[in-house]
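S.K.: Enclosed is the structure file model_39.pdb (PDB, C-alpha atoms and all ligand atoms).
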ATOM      1  CA  MET A   1    -135.241  77.693 175.765
ATOM      2  CA  ALA A   2    -135.120  77.686 171.987
ATOM      3  CA  GLY A   3    -134.449  74.245 170.484
ATOM      4  CA  LYS A   4    -131.123  73.553 168.820
ATOM      5  CA  ALA A   5    -132.573  72.443 165.482
ATOM      6  CA  GLY A   6    -132.224  75.195 162.898
ATOM      7  CA  ILE A   7    -133.932  73.083 160.239
ATOM      8  CA  ARG A   8    -136.128  70.038 160.753
ATOM      9  CA  VAL A   9    -137.650  68.130 157.878
ATOM     10  CA  GLU A  10    -140.000  65.184 158.297
ATOM     11  CA  ASN A  11    -141.268  62.779 155.683
ATOM     12  CA  LEU A  12    -140.864  65.294 152.878
ATOM     13  CA  TYR A  13    -142.004  64.445 149.347
ATOM     14  CA  LYS A  14    -141.518  66.349 146.118
ATOM     15  CA  HIS A  15    -143.002  65.309 142.819
ATOM     16  CA  PHE A  16    -142.982  67.357 139.645
ATOM     17  CA  GLY A  17    -145.659  66.954 136.986
ATOM     18  CA  LYS A  18    -148.264  64.220 136.915
ATOM     19  CA  GLY A  19    -149.397  61.220 134.863
ATOM     20  CA  ASP A  20    -146.862  60.353 132.174
ATOM     21  CA  THR A  21    -144.618  63.255 133.127
ATOM     22  CA  LEU A  22    -144.541  62.546 136.883
ATOM     23  CA  VAL A  23    -141.020  62.887 138.304
ATOM     24  CA  ARG A  24    -140.524  61.690 141.871
ATOM     25  CA  VAL A  25    -137.559  63.644 143.192
ATOM     26  CA  ILE A  26    -137.738  63.307 147.001
ATOM     27  CA  GLU A  27    -139.644  60.431 148.603
ATOM     28  CA  GLY A  28    -139.889  60.691 152.355
ATOM     29  CA  ALA A  29    -136.820  62.667 153.467
ATOM     30  CA  SER A  30    -136.341  63.276 157.201
ATOM     31  CA  PHE A  31    -133.366  65.070 158.749
ATOM     32  CA  GLU A  32    -132.267  67.917 160.994
ATOM     33  CA  VAL A  33    -129.551  70.525 160.819
ATOM     34  CA  ASN A  34    -128.603  72.112 164.122
ATOM     35  CA  LYS A  35    -127.789  75.729 164.734
ATOM     36  CA  GLY A  36    -124.014  76.138 164.666
ATOM     37  CA  GLU A  37    -123.623  73.277 162.209
ATOM     38  CA  LEU A  38    -122.239  73.352 158.662
ATOM     39  CA  VAL A  39    -123.460  70.345 156.684
ATOM     40  CA  ALA A  40    -122.531  69.407 153.154
ATOM     41  CA  LEU A  41    -125.369  68.211 150.913
ATOM     42  CA  ILE A  42    -124.110  65.818 148.270
ATOM     43  CA  ALA A  43    -125.651  63.674 145.539
ATOM     44  CA  PRO A  44    -125.240  63.174 141.793
ATOM     45  CA  SER A  45    -126.484  65.845 139.419
ATOM     46  CA  GLY A  46    -130.275  65.760 139.076
ATOM     47  CA  ALA A  47    -130.790  64.001 142.432
ATOM     48  CA  GLY A  48    -132.725  66.917 143.910
ATOM     49  CA  LYS A  49    -130.180  68.979 145.899
ATOM     50  CA  THR A  50    -131.345  72.341 144.586
ATOM     51  CA  THR A  51    -135.001  71.307 144.875
ATOM     52  CA  LEU A  52    -134.443  70.354 148.517
ATOM     53  CA  LEU A  53    -132.774  73.698 149.301
ATOM     54  CA  MET A  54    -135.559  75.582 147.544
ATOM     55  CA  MET A  55    -138.210  73.770 149.604
ATOM     56  CA  ILE A  56    -136.377  74.533 152.865
ATOM     57  CA  GLY A  57    -136.001  78.100 151.605
ATOM     58  CA  CYS A  58    -139.782  78.396 151.064
ATOM     59  CA  VAL A  59    -139.274  78.985 147.347
ATOM     60  CA  GLU A  60    -140.475  75.638 145.950
ATOM     61  CA  GLU A  61    -143.633  74.120 147.431
ATOM     62  CA  PRO A  62    -143.220  70.494 148.585
ATOM     63  CA  THR A  63    -145.783  67.827 147.674
ATOM     64  CA  SER A  64    -146.222  66.770 151.318
ATOM     65  CA  GLY A  65    -144.386  66.491 154.623
ATOM     66  CA  THR A  66    -143.351  68.879 157.370
ATOM     67  CA  ILE A  67    -140.690  71.610 157.584
ATOM     68  CA  TRP A  68    -139.684  73.532 160.715
ATOM     69  CA  LEU A  69    -137.356  76.518 160.521
ATOM     70  CA  GLY A  70    -136.131  77.054 164.059
ATOM     71  CA  ASP A  71    -139.175  76.853 166.311
ATOM     72  CA  GLU A  72    -141.620  77.732 163.547
ATOM     73  CA  LYS A  73    -143.435  75.029 161.602
ATOM     74  CA  VAL A  74    -143.686  76.594 158.157
ATOM     75  CA  TYR A  75    -145.039  73.697 156.106
ATOM     76  CA  GLU A  76    -147.332  70.770 156.879
ATOM     77  CA  ASP A  77    -148.819  69.447 153.657
ATOM     78  CA  LYS A  78    -149.281  73.125 152.789
ATOM     79  CA  TRP A  79    -147.584  76.402 153.642
ATOM     80  CA  LEU A  80    -148.735  77.427 157.096
ATOM     81  CA  THR A  81    -148.412  81.103 156.197
ATOM     82  CA  LYS A  82    -149.337  83.151 153.161
ATOM     83  CA  GLU A  83    -146.168  85.132 153.733
ATOM     84  CA  THR A  84    -143.503  82.706 152.539
ATOM     85  CA  ARG A  85    -141.615  85.704 151.141
ATOM     86  CA  LYS A  86    -141.459  87.233 154.589
ATOM     87  CA  ILE A  87    -140.058  84.015 156.104
ATOM     88  CA  ARG A  88    -137.507  83.916 153.334
ATOM     89  CA  ARG A  89    -136.441  87.526 153.852
ATOM     90  CA  GLU A  90    -136.300  87.296 157.626
ATOM     91  CA  LYS A  91    -134.926  83.832 158.305
ATOM     92  CA  ILE A  92    -132.892  82.738 155.328
ATOM     93  CA  GLY A  93    -129.718  83.757 153.555
ATOM     94  CA  PHE A  94    -129.135  82.301 150.093
ATOM     95  CA  ILE A  95    -125.746  81.919 148.429
ATOM     96  CA  PHE A  96    -125.466  80.601 144.876
ATOM     97  CA  GLN A  97    -122.720  79.354 142.592
ATOM     98  CA  ALA A  98    -122.636  82.615 140.686
ATOM     99  CA  HIS A  99    -122.616  85.520 143.092
ATOM    100  CA  TYR A 100    -125.592  87.342 141.464
ATOM    101  CA  LEU A 101    -124.523  90.738 142.718
ATOM    102  CA  ILE A 102    -126.381  93.542 141.014
ATOM    103  CA  PRO A 103    -123.816  94.926 138.565
ATOM    104  CA  PHE A 104    -124.941  98.568 138.632
ATOM    105  CA  LEU A 105    -124.895  98.821 142.432
ATOM    106  CA  ASN A 106    -121.636  99.101 144.314
ATOM    107  CA  VAL A 107    -120.592  96.540 146.929
ATOM    108  CA  ILE A 108    -122.177  98.178 149.970
ATOM    109  CA  GLU A 109    -125.384  98.953 148.070
ATOM    110  CA  ASN A 110    -125.646  95.264 147.146
ATOM    111  CA  VAL A 111    -125.294  94.291 150.811
ATOM    112  CA  THR A 112    -127.758  96.889 152.163
ATOM    113  CA  LEU A 113    -130.506  96.020 149.703
ATOM    114  CA  VAL A 114    -132.099  93.229 151.773
ATOM    115  CA  PRO A 115    -132.068  94.922 155.202
ATOM    116  CA  GLN A 116    -133.511  98.052 153.608
ATOM    117  CA  THR A 117    -136.243  95.971 151.979
ATOM    118  CA  ASN A 118    -136.952  94.625 155.483
ATOM    119  CA  GLY A 119    -137.492  98.145 156.754
ATOM    120  CA  VAL A 120    -134.090  98.781 158.356
ATOM    121  CA  SER A 121    -133.044 102.426 158.013
ATOM    122  CA  GLU A 122    -130.340 103.334 155.522
ATOM    123  CA  ALA A 123    -127.931 104.374 158.288
ATOM    124  CA  GLU A 124    -128.426 101.136 160.233
ATOM    125  CA  ALA A 125    -128.203  99.024 157.053
ATOM    126  CA  ASN A 126    -124.942 100.765 156.133
ATOM    127  CA  LYS A 127    -123.542 100.070 159.581
ATOM    128  CA  ILE A 128    -124.462  96.351 159.393
ATOM    129  CA  ALA A 129    -123.064  96.095 155.860
ATOM    130  CA  MET A 130    -119.790  97.800 156.733
ATOM    131  CA  GLU A 131    -119.277  95.517 159.747
ATOM    132  CA  LEU A 132    -119.843  92.464 157.556
ATOM    133  CA  LEU A 133    -117.516  93.694 154.802
ATOM    134  CA  GLU A 134    -114.821  94.376 157.382
ATOM    135  CA  TYR A 135    -115.412  90.954 158.952
ATOM    136  CA  PHE A 136    -114.649  89.470 155.521
ATOM    137  CA  ASP A 137    -111.631  91.753 154.904
ATOM    138  CA  ILE A 138    -113.227  93.652 152.044
ATOM    139  CA  GLY A 139    -114.176  96.825 153.871
ATOM    140  CA  ASP A 140    -111.913  98.774 151.515
ATOM    141  CA  LYS A 141    -114.028  97.560 148.554
ATOM    142  CA  ALA A 142    -117.315  98.981 149.880
ATOM    143  CA  ARG A 143    -117.543 101.654 147.182
ATOM    144  CA  SER A 144    -116.192  99.471 144.338
ATOM    145  CA  MET A 145    -118.394  98.008 141.643
ATOM    146  CA  PRO A 146    -118.652  94.180 141.516
ATOM    147  CA  SER A 147    -116.913  94.189 138.120
ATOM    148  CA  ALA A 148    -113.760  95.549 139.780
ATOM    149  CA  LEU A 149    -113.530  92.622 142.216
ATOM    150  CA  SER A 150    -112.138  89.112 141.801
ATOM    151  CA  GLY A 151    -114.419  86.049 141.849
ATOM    152  CA  GLY A 152    -113.417  85.240 145.421
ATOM    153  CA  GLN A 153    -114.026  88.822 146.574
ATOM    154  CA  ASN A 154    -117.443  88.893 144.897
ATOM    155  CA  GLN A 155    -118.377  85.620 146.580
ATOM    156  CA  ARG A 156    -117.414  87.163 149.935
ATOM    157  CA  VAL A 157    -119.686  90.112 149.147
ATOM    158  CA  ALA A 158    -122.455  87.617 148.310
ATOM    159  CA  ILE A 159    -121.929  85.926 151.687
ATOM    160  CA  ALA A 160    -122.002  89.313 153.438
ATOM    161  CA  ARG A 161    -125.257  90.040 151.599
ATOM    162  CA  ALA A 162    -126.726  86.682 152.685
ATOM    163  CA  LEU A 163    -125.883  87.579 156.298
ATOM    164  CA  ALA A 164    -127.149  91.151 156.231
ATOM    165  CA  ASN A 165    -130.638  90.211 157.416
ATOM    166  CA  LYS A 166    -129.160  88.152 160.294
ATOM    167  CA  PRO A 167    -130.617  84.863 159.033
ATOM    168  CA  GLN A 168    -131.020  81.784 161.233
ATOM    169  CA  ILE A 169    -130.393  79.605 158.211
ATOM    170  CA  ILE A 170    -127.976  79.784 155.288
ATOM    171  CA  LEU A 171    -128.627  77.764 152.152
ATOM    172  CA  ALA A 172    -125.627  77.697 149.832
ATOM    173  CA  ASP A 173    -125.960  75.983 146.428
ATOM    174  CA  GLU A 174    -122.484  75.108 145.138
ATOM    175  CA  PRO A 175    -120.998  78.349 146.468
ATOM    176  CA  THR A 176    -117.451  77.322 145.581
ATOM    177  CA  ALA A 177    -118.062  75.864 142.126
ATOM    178  CA  ALA A 178    -116.664  78.929 140.344
ATOM    179  CA  LEU A 179    -113.644  79.338 142.627
ATOM    180  CA  ASP A 180    -110.115  77.908 142.665
ATOM    181  CA  SER A 181    -109.227  75.513 145.482
ATOM    182  CA  LYS A 182    -107.669  78.094 147.809
ATOM    183  CA  ARG A 183    -110.641  80.466 147.477
ATOM    184  CA  SER A 184    -113.014  77.536 147.941
ATOM    185  CA  VAL A 185    -111.361  76.609 151.232
ATOM    186  CA  ASP A 186    -111.592  80.272 152.331
ATOM    187  CA  VAL A 187    -115.318  80.408 151.565
ATOM    188  CA  VAL A 188    -116.106  77.129 153.349
ATOM    189  CA  LYS A 189    -114.062  78.155 156.403
ATOM    190  CA  MET A 190    -115.989  81.411 156.408
ATOM    191  CA  LEU A 191    -119.303  79.528 156.366
ATOM    192  CA  LYS A 192    -118.076  77.384 159.269
ATOM    193  CA  LYS A 193    -117.079  80.487 161.216
ATOM    194  CA  ILE A 194    -120.508  82.040 160.612
ATOM    195  CA  ALA A 195    -122.244  78.834 161.702
ATOM    196  CA  ILE A 196    -120.387  78.840 165.010
ATOM    197  CA  GLU A 197    -120.159  82.539 165.805
ATOM    198  CA  GLN A 198    -123.680  83.453 164.733
ATOM    199  CA  ASN A 199    -125.324  80.134 165.657
ATOM    200  CA  VAL A 200    -126.643  79.669 162.128
ATOM    201  CA  ALA A 201    -127.647  76.340 160.524
ATOM    202  CA  VAL A 202    -125.788  76.100 157.201
ATOM    203  CA  ILE A 203    -126.440  73.649 154.352
ATOM    204  CA  MET A 204    -123.926  73.752 151.540
ATOM    205  CA  VAL A 205    -124.336  71.795 148.312
ATOM    206  CA  THR A 206    -120.948  70.788 146.967
ATOM    207  CA  HIS A 207    -119.371  68.461 144.415
ATOM    208  CA  ASP A 208    -115.900  69.135 145.765
ATOM    209  CA  GLU A 209    -114.622  66.284 147.957
ATOM    210  CA  ALA A 210    -111.852  68.484 149.287
ATOM    211  CA  MET A 211    -114.461  70.635 151.060
ATOM    212  CA  LEU A 212    -116.024  67.757 152.997
ATOM    213  CA  PRO A 213    -113.440  67.507 155.804
ATOM    214  CA  LEU A 214    -114.135  71.184 156.571
ATOM    215  CA  CYS A 215    -117.820  70.438 157.237
ATOM    216  CA  ASP A 216    -119.366  68.929 160.374
ATOM    217  CA  ARG A 217    -121.465  66.283 158.679
ATOM    218  CA  ILE A 218    -122.661  65.094 155.304
ATOM    219  CA  LEU A 219    -126.257  64.768 154.167
ATOM    220  CA  LYS A 220    -126.560  62.596 151.088
ATOM    221  CA  ILE A 221    -129.598  62.125 148.868
ATOM    222  CA  GLU A 222    -129.808  58.376 148.355
ATOM    223  CA  ASP A 223    -132.783  56.466 146.961
ATOM    224  CA  LYS A 224    -134.692  59.776 146.996
ATOM    225  CA  LYS A 225    -134.253  60.012 150.785
ATOM    226  CA  VAL A 226    -131.695  61.874 152.883
ATOM    227  CA  VAL A 227    -129.072  60.011 154.909
ATOM    228  CA  SER A 228    -126.539  61.486 157.325
ATOM    229  CA  GLU A 229    -122.848  60.505 157.298
ATOM    230  CA  PRO A 230    -119.757  61.635 159.143
ATOM    231  CA  VAL A 231    -117.224  63.646 157.125
ATOM    232  CA  PRO A 232    -114.136  61.878 155.818
ATOM    233  CA  LYS A 233    -110.755  62.747 157.267
ATOM    234  CA  GLU A 234    -108.641  65.027 155.089
ATOM    235  CA  GLY A 235    -107.448  63.281 151.930
ATOM    236  CA  VAL A 236    -109.881  60.339 151.960
ATOM    237  CA  ALA A 237    -112.063  60.112 148.863
ATOM    238  CA  ILE A 238    -115.627  58.985 149.397
ATOM    239  CA  LEU A 239    -117.542  60.147 146.321
TER     240      LEU A 239
HETATM  241  N1  LIG B 301    -139.563  72.973 137.836
HETATM  242  C1  LIG B 301    -139.337  71.698 137.547
HETATM  243  N2  LIG B 301    -140.193  70.984 136.791
HETATM  244  C2  LIG B 301    -139.982  69.680 136.526
HETATM  245  N3  LIG B 301    -138.913  68.997 136.950
HETATM  246  C3  LIG B 301    -138.009  69.640 137.695
HETATM  247  C4  LIG B 301    -138.157  71.031 138.031
HETATM  248  N4  LIG B 301    -137.108  71.408 138.808
HETATM  249  C5  LIG B 301    -136.323  70.304 138.935
HETATM  250  N5  LIG B 301    -136.872  69.247 138.273
HETATM  251  C6  LIG B 301    -136.308  67.882 138.202
HETATM  252  O1  LIG B 301    -136.026  67.471 139.524
HETATM  253  C7  LIG B 301    -134.835  66.716 139.563
HETATM  254  C8  LIG B 301    -133.894  67.308 140.552
HETATM  255  O2  LIG B 301    -133.369  68.532 140.067
HETATM  256  P1  LIG B 301    -132.381  69.430 140.926
HETATM  257  O3  LIG B 301    -132.993  69.672 142.264
HETATM  258  O4  LIG B 301    -132.039  70.622 140.125
HETATM  259  O5  LIG B 301    -131.124  68.460 141.086
HETATM  260  P2  LIG B 301    -129.624  68.787 141.549
HETATM  261  O6  LIG B 301    -129.585  70.173 142.154
HETATM  262  O7  LIG B 301    -129.279  67.693 142.543
HETATM  263  O8  LIG B 301    -128.767  68.671 140.333
HETATM  264  C9  LIG B 301    -134.324  66.654 138.137
HETATM  265  O9  LIG B 301    -134.779  65.458 137.574
HETATM  266  C10 LIG B 301    -134.983  67.839 137.498
HETATM  267  O10 LIG B 301    -135.151  67.611 136.122
HETATM  268 MG    MG B 302    -128.505  71.880 141.670
END
Could you quickly redo this structure as structure tokens?
M.R.:
Amino acid sequence: MAGKAGIRVENLYKHFGKGDTLVRVIEGASFEVNKGELVALIAPSGAGKTTLLMMIGCVEEPTSGTIWLGDEKVYEDKWLTKETRKIRREKIGFIFQAHYLIPFLNVIENVTLVPQTNGVSEAEANKIAMELLEYFDIGDKARSMPSALSGGQNQRVAIARALANKPQIILADEPTAALDSKRSVDVVKMLKKIAIEQNVAVIMVTHDEAMLPLCDRILKIEDKKVVSEPVPKEGVAIL
């Protein structure tokens, strides 16, 4: 049976530069995120949240340590495959603060781009995309341009796009930072629903305390390591 860990990180280090310009960002982080779990990643600005996501996402090379994505060990003091791009395309969905939709493609074209790059036929990609857009109540916007949609609608398209390659892992870097509080709650609830219904491991960077009670657990970067905490009950400030 497949293990329940979607992401497993052991003794991970990340340094930038060397000599006088050496910056030690992560110093021995170990943690897991299970499939079906939505965890919030919190820490002050500059603490290494984005760097950590980019290492898990096989974008930024760690200095040392081990990373498993599902049952596959992808990094052990070096990438264990030359095809980090393939891992990224097949296993991971990224969501960013700004939605980064391609402005000259309509909504459904934005969503079908990744599956088509992965070799899925246009007809099949369109079917997957339409199901996702309907799942997020924006099926009627499929032929609209991103510029005609609200911020919240565009972020839903971006989430649909992140899901179009059926990832095992979703890495969301401040996905609600540009949204008002109601839209933020909608987006986080959507991520929770995806985690459960599609058995995806989701890490969401956030600075918004109000989002924490909607998550399952908190990972905090502290002293350049990662510690796990329970979420606060609604209305309790912890940051
Ligand atoms: N490419 C890079 N070269 C050198 N330093 C970097 C680079 N990327 C990030 N850093 C440094 O790593 C630290 C963590 O940055 P980042 O992961 O963006 O933090 P956060 O997302 O928590 O705000 C910062 O000190 C930043 O300056
Ligand atoms: Mg960041």
S.K.: Give the residues close to ligand MG 302 (chain B), within 7 Å, counting only C-alpha atoms and all ligand atoms; write them as an NGL selection string.
M.R.: :A and (45-46 or 48-50 or 173)
S.K.: At a cut-off of 12 Å, using all atoms listed in the file, what residues contact A:Pro213? Leave out same-chain residues fewer than 2 positions from it and give the result as a list of chain:residue names.
M.R.: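 Counting all atoms listed in the file, the residues come to A:Leu38, A:Val39, A:Ala40, A:Val185, A:Val188, A:Lys189, A:Lys192, A:Asp208, A:Glu209, A:Ala210, A:Met211, A:Cys215, A:Asp216, A:Arg217, A:Ile218, A:Glu229, A:Pro230, A:Val231, A:Pro232, A:Lys233, A:Glu234, A:Gly235, A:Val236, A:Ala237, A:Ile238.
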S.K.: Counting only C-alpha atoms and all ligand atoms, what residues are within 9 Å of ligand LIG 301 (chain B), given as a PyMOL selection string?
M.R.: chain A and resi 14-17+21-26+42-54+60+173+205+221
S.K.: Show me, as a VMD selection string, the residues that have an atom within 8 Å of A:Leu101 when counting only C-alpha atoms, minus same-chain residues fewer than 3 positions from it.
M.R.: chain A and resid 110 146 154 158
S.K.: Pick the closest to A:Lys4 from A:Leu219, A:Ile67, A:Ala172, A:Ala201: which is it, counting all atoms listed in the file?
M.R.: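 Once distances to A:Lys4 are computed over all atoms listed in the file, the minimum belongs to A:Ala201.
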S.K.: Add whatever atoms are absent from stretch 39-69 of chain A to reach N, CA and C atoms, and provide the output as a PDB file, in the coordinates of the input.
M.R.:
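Output below, filename out_16.pdb:
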ATOM      1  N   VAL A  39    -123.369  71.663 157.311  1.00  0.00           N
ATOM      2  CA  VAL A  39    -123.460  70.345 156.684  1.00  0.00           C
ATOM      3  C   VAL A  39    -123.339  70.466 155.169  1.00  0.00           C
ATOM      4  N   ALA A  40    -122.651  69.482 154.606  1.00  0.00           N
ATOM      5  CA  ALA A  40    -122.531  69.407 153.154  1.00  0.00           C
ATOM      6  C   ALA A  40    -123.683  68.564 152.626  1.00  0.00           C
ATOM      7  N   LEU A  41    -124.328  69.012 151.567  1.00  0.00           N
ATOM      8  CA  LEU A  41    -125.369  68.211 150.913  1.00  0.00           C
ATOM      9  C   LEU A  41    -124.792  67.710 149.596  1.00  0.00           C
ATOM     10  N   ILE A  42    -124.709  66.385 149.475  1.00  0.00           N
ATOM     11  CA  ILE A  42    -124.110  65.818 148.270  1.00  0.00           C
ATOM     12  C   ILE A  42    -125.041  64.798 147.625  1.00  0.00           C
ATOM     13  N   ALA A  43    -124.899  64.650 146.327  1.00  0.00           N
ATOM     14  CA  ALA A  43    -125.651  63.674 145.539  1.00  0.00           C
ATOM     15  C   ALA A  43    -125.307  63.946 144.086  1.00  0.00           C
ATOM     16  N   PRO A  44    -125.513  62.944 143.210  1.00  0.00           N
ATOM     17  CA  PRO A  44    -125.240  63.174 141.793  1.00  0.00           C
ATOM     18  C   PRO A  44    -126.129  64.287 141.231  1.00  0.00           C
ATOM     19  N   SER A  45    -125.711  64.817 140.114  1.00  0.00           N
ATOM     20  CA  SER A  45    -126.484  65.845 139.419  1.00  0.00           C
ATOM     21  C   SER A  45    -127.897  65.329 139.123  1.00  0.00           C
ATOM     22  N   GLY A  46    -128.891  66.146 139.356  1.00  0.00           N
ATOM     23  CA  GLY A  46    -130.275  65.760 139.076  1.00  0.00           C
ATOM     24  C   GLY A  46    -130.953  65.007 140.212  1.00  0.00           C
ATOM     25  N   ALA A  47    -130.227  64.797 141.328  1.00  0.00           N
ATOM     26  CA  ALA A  47    -130.790  64.001 142.432  1.00  0.00           C
ATOM     27  C   ALA A  47    -131.751  64.805 143.313  1.00  0.00           C
ATOM     28  N   GLY A  48    -131.750  66.126 143.157  1.00  0.00           N
ATOM     29  CA  GLY A  48    -132.725  66.917 143.910  1.00  0.00           C
ATOM     30  C   GLY A  48    -132.136  67.844 144.966  1.00  0.00           C
ATOM     31  N   LYS A  49    -130.825  68.128 144.884  1.00  0.00           N
ATOM     32  CA  LYS A  49    -130.180  68.979 145.899  1.00  0.00           C
ATOM     33  C   LYS A  49    -130.762  70.392 145.884  1.00  0.00           C
ATOM     34  N   THR A  50    -130.821  70.973 144.690  1.00  0.00           N
ATOM     35  CA  THR A  50    -131.345  72.341 144.586  1.00  0.00           C
ATOM     36  C   THR A  50    -132.820  72.376 144.977  1.00  0.00           C
ATOM     37  N   THR A  51    -133.571  71.382 144.527  1.00  0.00           N
ATOM     38  CA  THR A  51    -135.001  71.307 144.875  1.00  0.00           C
ATOM     39  C   THR A  51    -135.182  71.264 146.390  1.00  0.00           C
ATOM     40  N   LEU A  52    -134.352  70.459 147.058  1.00  0.00           N
ATOM     41  CA  LEU A  52    -134.443  70.354 148.517  1.00  0.00           C
ATOM     42  C   LEU A  52    -134.150  71.708 149.179  1.00  0.00           C
ATOM     43  N   LEU A  53    -133.089  72.373 148.733  1.00  0.00           N
ATOM     44  CA  LEU A  53    -132.774  73.698 149.301  1.00  0.00           C
ATOM     45  C   LEU A  53    -133.922  74.678 149.063  1.00  0.00           C
ATOM     46  N   MET A  54    -134.490  74.630 147.877  1.00  0.00           N
ATOM     47  CA  MET A  54    -135.559  75.582 147.544  1.00  0.00           C
ATOM     48  C   MET A  54    -136.836  75.310 148.355  1.00  0.00           C
ATOM     49  N   MET A  55    -137.057  74.064 148.732  1.00  0.00           N
ATOM     50  CA  MET A  55    -138.210  73.770 149.604  1.00  0.00           C
ATOM     51  C   MET A  55    -137.935  74.294 151.016  1.00  0.00           C
ATOM     52  N   ILE A  56    -136.726  74.020 151.524  1.00  0.00           N
ATOM     53  CA  ILE A  56    -136.377  74.533 152.865  1.00  0.00           C
ATOM     54  C   ILE A  56    -136.425  76.063 152.858  1.00  0.00           C
ATOM     55  N   GLY A  57    -136.028  76.644 151.731  1.00  0.00           N
ATOM     56  CA  GLY A  57    -136.001  78.100 151.605  1.00  0.00           C
ATOM     57  C   GLY A  57    -137.358  78.718 151.286  1.00  0.00           C
ATOM     58  N   CYS A  58    -138.414  77.914 151.318  1.00  0.00           N
ATOM     59  CA  CYS A  58    -139.782  78.396 151.064  1.00  0.00           C
ATOM     60  C   CYS A  58    -139.917  79.023 149.680  1.00  0.00           C
ATOM     61  N   VAL A  59    -139.181  78.502 148.723  1.00  0.00           N
ATOM     62  CA  VAL A  59    -139.274  78.985 147.347  1.00  0.00           C
ATOM     63  C   VAL A  59    -140.092  77.994 146.524  1.00  0.00           C
ATOM     64  N   GLU A  60    -139.804  76.701 146.700  1.00  0.00           N
ATOM     65  CA  GLU A  60    -140.475  75.638 145.950  1.00  0.00           C
ATOM     66  C   GLU A  60    -141.413  74.914 146.904  1.00  0.00           C
ATOM     67  N   GLU A  61    -142.676  74.779 146.530  1.00  0.00           N
ATOM     68  CA  GLU A  61    -143.633  74.120 147.431  1.00  0.00           C
ATOM     69  C   GLU A  61    -143.460  72.605 147.387  1.00  0.00           C
ATOM     70  N   PRO A  62    -143.306  71.956 148.567  1.00  0.00           N
ATOM     71  CA  PRO A  62    -143.220  70.494 148.585  1.00  0.00           C
ATOM     72  C   PRO A  62    -144.547  69.873 148.139  1.00  0.00           C
ATOM     73  N   THR A  63    -144.544  68.551 147.962  1.00  0.00           N
ATOM     74  CA  THR A  63    -145.783  67.827 147.674  1.00  0.00           C
ATOM     75  C   THR A  63    -146.480  67.467 148.985  1.00  0.00           C
ATOM     76  N   SER A  64    -145.686  67.021 149.977  1.00  0.00           N
ATOM     77  CA  SER A  64    -146.222  66.770 151.318  1.00  0.00           C
ATOM     78  C   SER A  64    -145.075  66.638 152.300  1.00  0.00           C
ATOM     79  N   GLY A  65    -145.404  66.598 153.590  1.00  0.00           N
ATOM     80  CA  GLY A  65    -144.386  66.491 154.623  1.00  0.00           C
ATOM     81  C   GLY A  65    -144.447  67.663 155.567  1.00  0.00           C
ATOM     82  N   THR A  66    -143.390  67.805 156.372  1.00  0.00           N
ATOM     83  CA  THR A  66    -143.351  68.879 157.370  1.00  0.00           C
ATOM     84  C   THR A  66    -141.980  69.545 157.361  1.00  0.00           C
ATOM     85  N   ILE A  67    -141.953  70.853 157.472  1.00  0.00           N
ATOM     86  CA  ILE A  67    -140.690  71.610 157.584  1.00  0.00           C
ATOM     87  C   ILE A  67    -140.798  72.592 158.747  1.00  0.00           C
ATOM     88  N   TRP A  68    -139.838  72.518 159.668  1.00  0.00           N
ATOM     89  CA  TRP A  68    -139.684  73.532 160.715  1.00  0.00           C
ATOM     90  C   TRP A  68    -138.447  74.360 160.404  1.00  0.00           C
ATOM     91  N   LEU A  69    -138.535  75.648 160.567  1.00  0.00           N
ATOM     92  CA  LEU A  69    -137.356  76.518 160.521  1.00  0.00           C
ATOM     93  C   LEU A  69    -137.223  77.108 161.919  1.00  0.00           C
TER      94      LEU A  69
END
